[in-house]
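The block underneath contains the structure these notes are about, expressed in structure tokens.
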Amino acid sequence: MEYVEPVVGIANCLGTPVCKYLQYHRKMNDYVRNFKRMRDELNCKMEDIELQLKAELLRPLGKIPKKGVENWLKDVKEMIREAQVVENKVRNGRYLCRACNGKLVDEKTREMKGFLDKAPNASEGLAMDGPSAGLPLPTSELVGEEALRNEIWACLMQEEVSKIGVWGMGGVGKTTIMKHIHNDLLKQQRFERVIWVTISKEFNVMKVQDDIAGALKLKEDWPREGDMLRRAAILSEMLKNTGKHVLILDDVWDKVSLEEVGIPEPSGSNGCKLMLTTRSEHVC
């Protein structure tokens with residue numbers, strides 16, 4: 001069985017014109033050099049595309065890769081793996097015929113050049129807007145709370161209002177009203193992102209940071225552990241890059257330091273809003 005692959009390789013060369021066959025034989029080393037150069041160029045191009053795509057996905061958040069870019073990266077990675085297999089075969093001398101080696105690397109070089117010629121145009125952008133600013137939250141129907149909902153909505157639509165607090169005893173419907181407002185904001189598409197985070201009684205800065213980061217779909221660039229101040233700095237920068245957004249903090253039991261968490265101060269100039277629900281009037 002050890003002779004099967006060399007024999008197949010030689011057979012593949014039999015249909016090659018004699019002049020081309022001799023060229024593969026004589027210029028084998030040139031073909032290998034061109035092969036390695038093209039592989040390196042393709043690999044560098046792939047890395048450049050991946051880096052720019054990563055940057056575009058963060059500025060602003062909510063972007064997704066273009067389908068053509070995703071497919072190109074997937075196919076190129078497979079092509080580079082195939083090229084490595086070819087290089088290993090040629091290096092290990094698994095083909096008895098020198099001309100067959102030349103033909104093999106030449107064909108693979110042409111394939112890699114085809115991928116390089118079809119590389120995504122970075123100047124046209126590699127990412128596009130995601131399907132929405134967020135996902136609707138499941139909620140029950142409002143019963144007898146429309147007036148309050150409308151009052152909160154009216155405040156939210158005022159440009160000079162950047163912070164809104166809704167307080168009242170537990171069970172009166174604060175969360176239900178805010179869920180409806182959250183979903184209505186998604187429908188209106190007035191803001192680039194609508195972020196919902198539940199705080200609860202046991203307040204933990206790092207958990208809140210993780211929840212906001214999760215809503216922003218931060219993955220590789222988000223430190224799951226480590227210095228809280230550094231995490232706050234990263235989160236603040238990401239929220240600023242998000243553009244106009246509404247951050248809703250539900251069930252807040254005590255005062256929250258925006259700076260400590262990494263939440264930029266909302267204002268009329270940046271168009272961002274902060275809303276919260278609480279059982280305590282002093283939190284508002």
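Numbering starts fresh at 1 for the residues of each chain in the structure tokens, the chains themselves are lettered A, B, ... in the order given, and ligands are numbered from 1 as they appear.
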Find the residues around Glu281 (chain A) up to 12 Å (only C-alpha atoms counted), leave out those fewer than 5 positions away in its own chain, and share them as a PDB file with C-alpha atoms, in the first residue's frame.
ATOM      1  CA  GLY A 165     -36.197  56.616  38.569  1.00  0.00           C
ATOM      2  CA  VAL A 166     -39.368  54.624  39.200  1.00  0.00           C
ATOM      3  CA  TRP A 167     -39.947  53.743  42.839  1.00  0.00           C
ATOM      4  CA  GLY A 168     -42.689  51.995  44.815  1.00  0.00           C
ATOM      5  CA  MET A 169     -43.290  49.023  47.052  1.00  0.00           C
ATOM      6  CA  VAL A 252     -32.073  48.503  42.615  1.00  0.00           C
ATOM      7  CA  TRP A 253     -31.938  48.321  46.426  1.00  0.00           C
ATOM      8  CA  ASP A 254     -29.213  50.841  47.156  1.00  0.00           C
ATOM      9  CA  LYS A 255     -27.405  53.724  45.472  1.00  0.00           C
ATOM     10  CA  LEU A 276     -34.008  52.330  37.202  1.00  0.00           C
TER      11      LEU A 276
END
Next on the checklist: Need the shell around region 39-51 of chain A: protein/DNA/RNA residues with any atom at most 12 Å away, counting only C-alpha atoms. Skip same-chain ones fewer than 2 positions apart. Format as a ChimeraX atom specification?
Outcome noted: /A:32-37,53-58,65-66,69-84,86-87,105-106,108-123,125-127
Item to check | Test item: residues at most 8 Å from region 221-235 of chain A, only C-alpha atoms, excluding those fewer than 6 positions along its chain, as a ChimeraX atom specification | outcome: /A:206,209-210,213,259-263
Item to check | Residue list (helix (DSSP H, G or I), DSSP) for region 119-251 of chain A, as a PyMOL selection string | outcome: chain A and resi 122-124+146-156+174-188+205-215+228-242
Checklist entry - Can you tell me, as a ChimeraX atom specification, what residues are no more than 9 Å from Leu216 (chain A) when counting only C-alpha atoms, ignoring any on the same chain fewer than 3 positions away? => result /A:61-62,193,195,211-213,238-239,242
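For Leu148 (chain A), the set of protein, DNA and RNA residues having any atom at most 12 Å away, when counting only C-alpha atoms and skipping those fewer than 2 positions along the same chain, is A:Leu142, A:Val143, A:Gly144, A:Glu145, A:Glu146, A:Asn150, A:Glu151, A:Ile152, A:Trp153, A:Ala154, A:Cys155, A:Val166, A:Trp167, A:Val172, A:Gly173, A:Lys174, A:Thr176, A:Ile177, A:Met178, A:His180, A:Ile181.
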Next on the checklist: Here is a test: counting only C-alpha atoms, which residue of A:Leu185, A:Ile248, A:Val161, A:Met28 is nearest to Asn270 (chain A)?
Outcome noted: A:Val161
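We find CA of Gln158 (chain A) and CA of Ser267 (chain A) to be spaced 11.4 Å apart.
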Item to check | Filtered DSSP result for region 36-248 of chain A, state strand (DSSP E or B), as a list in words | outcome: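 Checking each residue of region 36-248 of chain A, the strand (DSSP E or B) ones are Lys63, Ile64, Pro65, Ala127, Met128, Asp129, Lys163, Ile164, Gly165, Val166, Trp167, Arg193, Val194, Ile195, Trp196, Val197, Thr198, Ile199, Ser200, His245, Val246, Leu247 and Ile248 of chain A.
As for CA of Cys100 (chain A) and CA of Asp30 (chain A), they are spaced 13.9 Å apart.
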Checklist outcome for this item: One residue among A:Tyr31, A:Val256, A:Pro136, A:Ser269 is nearest to Phe203 (chain A) when using only C-alpha atoms, and that residue is A:Val256
Next on the checklist: Between CA of His182 (chain A) and CA of Trp196 (chain A), what is the distance in Å, rounded to a tenth?
Outcome noted: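 Interatomic distance, CA of His182 (chain A) to CA of Trp196 (chain A): 7.8 Å.
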Next on the checklist: Set the distance at 10 Å and use only C-alpha atoms: which residues neighbour Leu22 (chain A) once local chain neighbours fewer than 6 positions away are removed? I'd like the list as a PyMOL selection string.
Outcome noted: chain A and resi 16+28+98-99+102
